[in-house]
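One structure below.
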Amino acid sequence: MTAVTLTNLRRVFADGFVAVDDLSISIVAGEFLTLLGPSGCGKSTTLRMIAGLDAPDQGSIEFDGRRMNDITPGKRNIAMVFQSYALYPHMTVRRNLEYPLRKQGVAKAERTARAQAIAELMQLGELLERKPRELSGGQQQRVALGRALIRNPDLFLFDEPLSNLDAKLRSYMRAELIQLHRRVGKTMIYVTHDQLEAMTMSDRVAIMDKGQLQQLGTPHEVYNAPANLFVASFIGAPTMNLVHGELARAGGGAVFRAGALEVAVPSLAGGTEAGAAVLGVRPEDVLVEQGDLPATVSLIEPVGHETLLSLDVLGHRVVARTDAQTRLTYGATTMVAFRPGKLHLFDGKHGHRLA
Ligand code: ATP
C-alpha cells in the first residue's frame, strides 16, 4: 500500500492556462480517494502527473515519502484504467490478462497461474477463452481491471472508467469496484465528474474547480458541511436551495433576511461579520405542510419513490422533497419550515461557509 502526497502542485500549459493550481492532498495508504469536479477542473491533469505522464511545473509528488517527480511512469508501479478498455481484440481474455506479464518476461507456468487467480478474483473464469467482442461492456471492463491487477501494482489510478457504460452497468461496476478495493486493499485514486460515483465509492472526496481544491473530506462531510458555495451547489441532486440575502446580528446569534423571508440562525459562530450572505437548505430539509413560512406550489415532479415540489416561499423558489403520496396540487398554498440544525450559511462575497 502506498501513501501519496501531493504538495503545492501546479501545471501551466504552453498557452499560459493554469490547469492545476497549488494543489496539496495527502492520500492515506489503502485509501479510495476520488478527484471530483466539472469538466476542465484539472482532475485528469492531476492524475496524469501522479502517473508520471505529465510533469508538474511546481510542487512535488511523493509515494511513501519518496519524491517521484523525476521517476519515469514505468518505474512507479502504477496501474491506470481509462474509460476505453483498450483490450486487444484478437486476443482471448486469458491472453489479454497475461499480456502485461508476457511483456515483463514472466515464465509461462507463473503467467498461467496468475491469470487463473485474477480470473477467479474478477469472476472471469467462464470467459477465459472468449474474445473481447464476445463480452458485454461490463465484462470487458472487468477484463481491463483484471489486466491492471495482474501486475500487482502499488497504486491504482482510474480516469472515468465507467463513463462508457449504461446506467445499469455503471451501478453494477460501482459495486464491483467497492468490493475490489475491499479485497485488494490498495490505494486507489479515481477521477470522475459523477457525484454518485464519488459519494458511493470513496473513503474521501477531493472536490476541484478551476484547478483548485475546494474541499477534501468524507462523502458525509462534503454533503453535510460544504466548505463553500461551489461545493454546496455541486454536491446533491436536486441541488441545495440557495437564497441570497443579508445577515444581521441579533442577540447571541443572527438573523438572515431576504425580502420578506426571515430565518433565525442560532448556530452562527461569534465574530462573523453582518452583511451579504447566502442561506442554503437541502430539499430534504424543507418540511412541507408544517411551520410558519407561507408557500405556493409552482411545480410538481413525481419521481416514483418521492415527489419534488417547487415552491414559492415569500418570493423565493425553493425545492422540497416530499413523499410520493403528497396531496398538494399546482397552485395550492401551504406552510413550510426549514429543518432546524440543517441550515447552511455562506459568505455572500467570497462564498465560504459561515455556519
Ligand atoms: P474532463 O472531465 O473534461 O476530462 P478534467 O477536469 O479532467 O476534465 P483536465 O483534462 O485536467 O480536466 O484539463 C484541465 C484544463 O486544462 C482544461 O481546461 C483543458 O482544456 C486544459 N488542458 C488540458 N491539456 C491541455 C494542453 N495540453 N494544453 C492546454 N490546455 C490543456
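Labels for the C-alpha cells follow display order: chains A, B, ..., residues from 1 in each chain, ligands from 1.
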Within 9 Å of Asn224 of chain A, counting only C-alpha atoms, which residues qualify if same-chain residues fewer than 3 places away don't, as a PDB file with N, CA, C and O atoms, in the first residue's frame?
ATOM      1  N   PRO A 219     -17.459  11.602   2.144  1.00  0.00           N
ATOM      2  CA  PRO A 219     -18.724  11.936   1.473  1.00  0.00           C
ATOM      3  C   PRO A 219     -19.707  12.594   2.450  1.00  0.00           C
ATOM      4  O   PRO A 219     -20.394  13.561   2.102  1.00  0.00           O
ATOM      5  N   HIS A 220     -19.741  12.106   3.681  1.00  0.00           N
ATOM      6  CA  HIS A 220     -20.625  12.664   4.701  1.00  0.00           C
ATOM      7  C   HIS A 220     -20.263  14.136   4.979  1.00  0.00           C
ATOM      8  O   HIS A 220     -21.152  15.006   5.049  1.00  0.00           O
ATOM      9  N   GLU A 221     -18.981  14.428   5.106  1.00  0.00           N
ATOM     10  CA  GLU A 221     -18.558  15.807   5.401  1.00  0.00           C
ATOM     11  C   GLU A 221     -18.878  16.769   4.264  1.00  0.00           C
ATOM     12  O   GLU A 221     -19.395  17.870   4.488  1.00  0.00           O
ATOM     13  N   ALA A 232     -21.381  23.351  -2.181  1.00  0.00           N
ATOM     14  CA  ALA A 232     -22.802  23.264  -1.815  1.00  0.00           C
ATOM     15  C   ALA A 232     -23.663  23.016  -3.037  1.00  0.00           C
ATOM     16  O   ALA A 232     -24.597  22.217  -3.008  1.00  0.00           O
ATOM     17  N   LYS A 342     -30.213  22.263  10.299  1.00  0.00           N
ATOM     18  CA  LYS A 342     -29.765  21.808   8.978  1.00  0.00           C
ATOM     19  C   LYS A 342     -29.606  22.978   8.007  1.00  0.00           C
ATOM     20  O   LYS A 342     -29.598  22.784   6.794  1.00  0.00           O
ATOM     21  N   HIS A 344     -27.559  25.977   6.177  1.00  0.00           N
ATOM     22  CA  HIS A 344     -26.177  26.296   5.809  1.00  0.00           C
ATOM     23  C   HIS A 344     -26.130  27.785   5.504  1.00  0.00           C
ATOM     24  O   HIS A 344     -27.056  28.324   4.901  1.00  0.00           O
TER      25      HIS A 344
END
Exercise. Please extract the residues at most 10 Å from ligand 1, counting only C-alpha atoms and all ligand atoms, and provide them as a PyMOL selection string, using the chain letters and residue numbers of this document.
Key: chain A and resi 11-20+35-49+54+159-160+191-194+208-211
Just N, CA, C and O atoms for this one: save the residues we selected as a CSV table (one decimal), in the first residue's frame.
chain,number,residue,atom,x,y,z
A,11,ARG,N,0.3,23.1,-12.6
A,11,ARG,CA,0.6,22.7,-14.0
A,11,ARG,C,0.0,23.9,-14.9
A,11,ARG,O,-1.2,24.2,-14.9
A,12,VAL,N,1.0,24.5,-15.6
A,12,VAL,CA,0.6,25.5,-16.6
A,12,VAL,C,0.9,25.1,-18.0
A,12,VAL,O,2.0,24.6,-18.3
A,13,PHE,N,-0.1,25.1,-18.9
A,13,PHE,CA,0.1,24.6,-20.2
A,13,PHE,C,0.8,25.7,-21.0
A,13,PHE,O,0.8,26.9,-20.6
A,14,ALA,N,1.2,25.4,-22.2
A,14,ALA,CA,2.0,26.3,-23.1
A,14,ALA,C,1.3,27.6,-23.3
A,14,ALA,O,2.0,28.6,-23.4
A,15,ASP,N,0.0,27.5,-23.4
A,15,ASP,CA,-0.8,28.8,-23.7
A,15,ASP,C,-1.0,29.6,-22.5
A,15,ASP,O,-1.7,30.6,-22.5
A,16,GLY,N,-0.3,29.2,-21.4
A,16,GLY,CA,-0.4,30.0,-20.1
A,16,GLY,C,-1.6,29.6,-19.2
A,16,GLY,O,-1.8,30.1,-18.1
A,17,PHE,N,-2.4,28.6,-19.7
A,17,PHE,CA,-3.6,28.2,-18.9
A,17,PHE,C,-3.1,27.4,-17.7
A,17,PHE,O,-2.4,26.5,-17.8
A,18,VAL,N,-3.6,27.8,-16.5
A,18,VAL,CA,-3.3,27.1,-15.3
A,18,VAL,C,-4.3,26.0,-15.0
A,18,VAL,O,-5.4,26.3,-14.6
A,19,ALA,N,-3.9,24.8,-15.3
A,19,ALA,CA,-4.9,23.7,-15.2
A,19,ALA,C,-4.9,23.2,-13.8
A,19,ALA,O,-6.0,22.7,-13.3
A,20,VAL,N,-3.8,23.2,-13.0
A,20,VAL,CA,-3.8,22.8,-11.6
A,20,VAL,C,-3.0,23.8,-10.9
A,20,VAL,O,-1.9,24.2,-11.3
A,35,LEU,N,-11.1,12.2,-7.1
A,35,LEU,CA,-11.0,13.6,-7.5
A,35,LEU,C,-12.3,13.9,-8.3
A,35,LEU,O,-12.5,13.3,-9.3
A,36,LEU,N,-13.1,14.8,-7.8
A,36,LEU,CA,-14.4,15.1,-8.4
A,36,LEU,C,-14.5,16.6,-8.8
A,36,LEU,O,-14.0,17.4,-8.0
A,37,GLY,N,-15.0,16.8,-9.9
A,37,GLY,CA,-15.2,18.2,-10.3
A,37,GLY,C,-15.8,18.3,-11.7
A,37,GLY,O,-15.8,17.3,-12.4
A,38,PRO,N,-16.2,19.4,-12.2
A,38,PRO,CA,-16.8,19.6,-13.5
A,38,PRO,C,-15.7,19.4,-14.6
A,38,PRO,O,-14.5,19.5,-14.3
A,39,SER,N,-16.1,19.2,-15.8
A,39,SER,CA,-15.2,19.1,-16.9
A,39,SER,C,-14.2,20.3,-17.0
A,39,SER,O,-14.6,21.4,-16.8
A,40,GLY,N,-13.0,20.0,-17.1
A,40,GLY,CA,-11.9,21.0,-17.2
A,40,GLY,C,-11.4,21.5,-15.9
A,40,GLY,O,-10.6,22.5,-15.9
A,41,CYS,N,-11.8,20.9,-14.8
A,41,CYS,CA,-11.3,21.4,-13.5
A,41,CYS,C,-9.9,21.0,-13.1
A,41,CYS,O,-9.3,21.4,-12.2
A,42,GLY,N,-9.3,20.1,-13.9
A,42,GLY,CA,-7.9,19.7,-13.7
A,42,GLY,C,-7.7,18.4,-13.1
A,42,GLY,O,-6.6,18.0,-12.7
A,43,LYS,N,-8.8,17.6,-13.0
A,43,LYS,CA,-8.6,16.3,-12.3
A,43,LYS,C,-7.8,15.3,-13.1
A,43,LYS,O,-6.9,14.6,-12.6
A,44,SER,N,-8.0,15.2,-14.4
A,44,SER,CA,-7.2,14.3,-15.3
A,44,SER,C,-5.8,14.7,-15.3
A,44,SER,O,-4.9,13.9,-15.3
A,45,THR,N,-5.5,16.0,-15.4
A,45,THR,CA,-4.2,16.5,-15.4
A,45,THR,C,-3.5,16.1,-14.1
A,45,THR,O,-2.3,15.7,-14.1
A,46,THR,N,-4.2,16.2,-12.9
A,46,THR,CA,-3.6,15.8,-11.7
A,46,THR,C,-3.3,14.3,-11.7
A,46,THR,O,-2.2,13.9,-11.3
A,47,LEU,N,-4.2,13.5,-12.2
A,47,LEU,CA,-3.9,12.0,-12.3
A,47,LEU,C,-2.8,11.7,-13.2
A,47,LEU,O,-1.9,10.9,-12.8
A,48,ARG,N,-2.7,12.4,-14.3
A,48,ARG,CA,-1.5,12.2,-15.2
A,48,ARG,C,-0.2,12.6,-14.6
A,48,ARG,O,0.8,11.9,-14.8
A,49,MET,N,-0.2,13.6,-13.7
A,49,MET,CA,1.0,13.9,-13.0
A,49,MET,C,1.4,12.9,-12.0
A,49,MET,O,2.6,12.5,-11.8
A,54,ASP,N,2.6,13.3,-17.2
A,54,ASP,CA,2.7,14.8,-17.3
A,54,ASP,C,3.5,15.2,-16.1
A,54,ASP,O,3.5,14.6,-15.1
A,159,ASP,N,-9.3,6.8,-14.5
A,159,ASP,CA,-9.8,8.0,-15.1
A,159,ASP,C,-11.2,7.8,-15.8
A,159,ASP,O,-11.2,7.2,-16.9
A,160,GLU,N,-12.2,8.1,-15.1
A,160,GLU,CA,-13.6,7.9,-15.6
A,160,GLU,C,-13.8,6.5,-16.2
A,160,GLU,O,-14.3,6.4,-17.3
A,191,VAL,N,-10.9,9.3,-10.8
A,191,VAL,CA,-11.3,10.6,-11.3
A,191,VAL,C,-12.7,10.5,-11.9
A,191,VAL,O,-13.0,9.6,-12.7
A,192,THR,N,-13.6,11.4,-11.5
A,192,THR,CA,-14.9,11.4,-12.1
A,192,THR,C,-15.6,12.8,-12.0
A,192,THR,O,-15.2,13.6,-11.2
A,193,HIS,N,-16.6,13.0,-12.9
A,193,HIS,CA,-17.4,14.2,-12.7
A,193,HIS,C,-18.7,13.8,-12.1
A,193,HIS,O,-19.6,14.6,-12.0
A,194,ASP,N,-18.9,12.5,-11.8
A,194,ASP,CA,-20.2,12.0,-11.4
A,194,ASP,C,-20.2,11.9,-9.9
A,194,ASP,O,-19.5,11.1,-9.3
A,208,MET,N,-12.7,19.6,-6.8
A,208,MET,CA,-11.9,20.6,-7.5
A,208,MET,C,-12.7,21.5,-8.4
A,208,MET,O,-13.8,21.1,-8.9
A,209,ASP,N,-12.3,22.7,-8.5
A,209,ASP,CA,-12.9,23.6,-9.5
A,209,ASP,C,-11.8,24.6,-10.0
A,209,ASP,O,-11.0,25.1,-9.2
A,210,LYS,N,-11.7,24.8,-11.3
A,210,LYS,CA,-10.7,25.7,-11.9
A,210,LYS,C,-9.3,25.4,-11.4
A,210,LYS,O,-8.6,26.4,-11.0
A,211,GLY,N,-9.0,24.2,-11.3
A,211,GLY,CA,-7.6,23.8,-10.9
A,211,GLY,C,-7.3,23.8,-9.5
A,211,GLY,O,-6.2,23.5,-9.0
Quiz prompt | Residue nearest Gly59 of chain A - candidates A:Ile25, A:Leu124, A:Val263, A:Val303, atoms counted: only C-alpha atoms | solution = A:Ile25
Quiz item: Between A:Ala51, A:Ala198, A:Leu279, A:Ala113, which has the minimum distance to Phe234 of chain A (counting only C-alpha atoms)?
Solution: A:Ala198
Practice problem: Could you please write out, as a PyMOL selection string, every residue of segment 43-222 of chain A that DSSP assigns to strand (DSSP E or B)? | Solution: chain A and resi 58-63+66-67+78-81+155-159+187-192+204-209+212-217
Quiz item: Among segment 70-274 of chain A, which ones does DSSP place in alpha helix (DSSP H), written as a PyMOL selection string?
Solution: chain A and resi 93-104+108-121+137-149+167-184+195-201+219-224+229-234
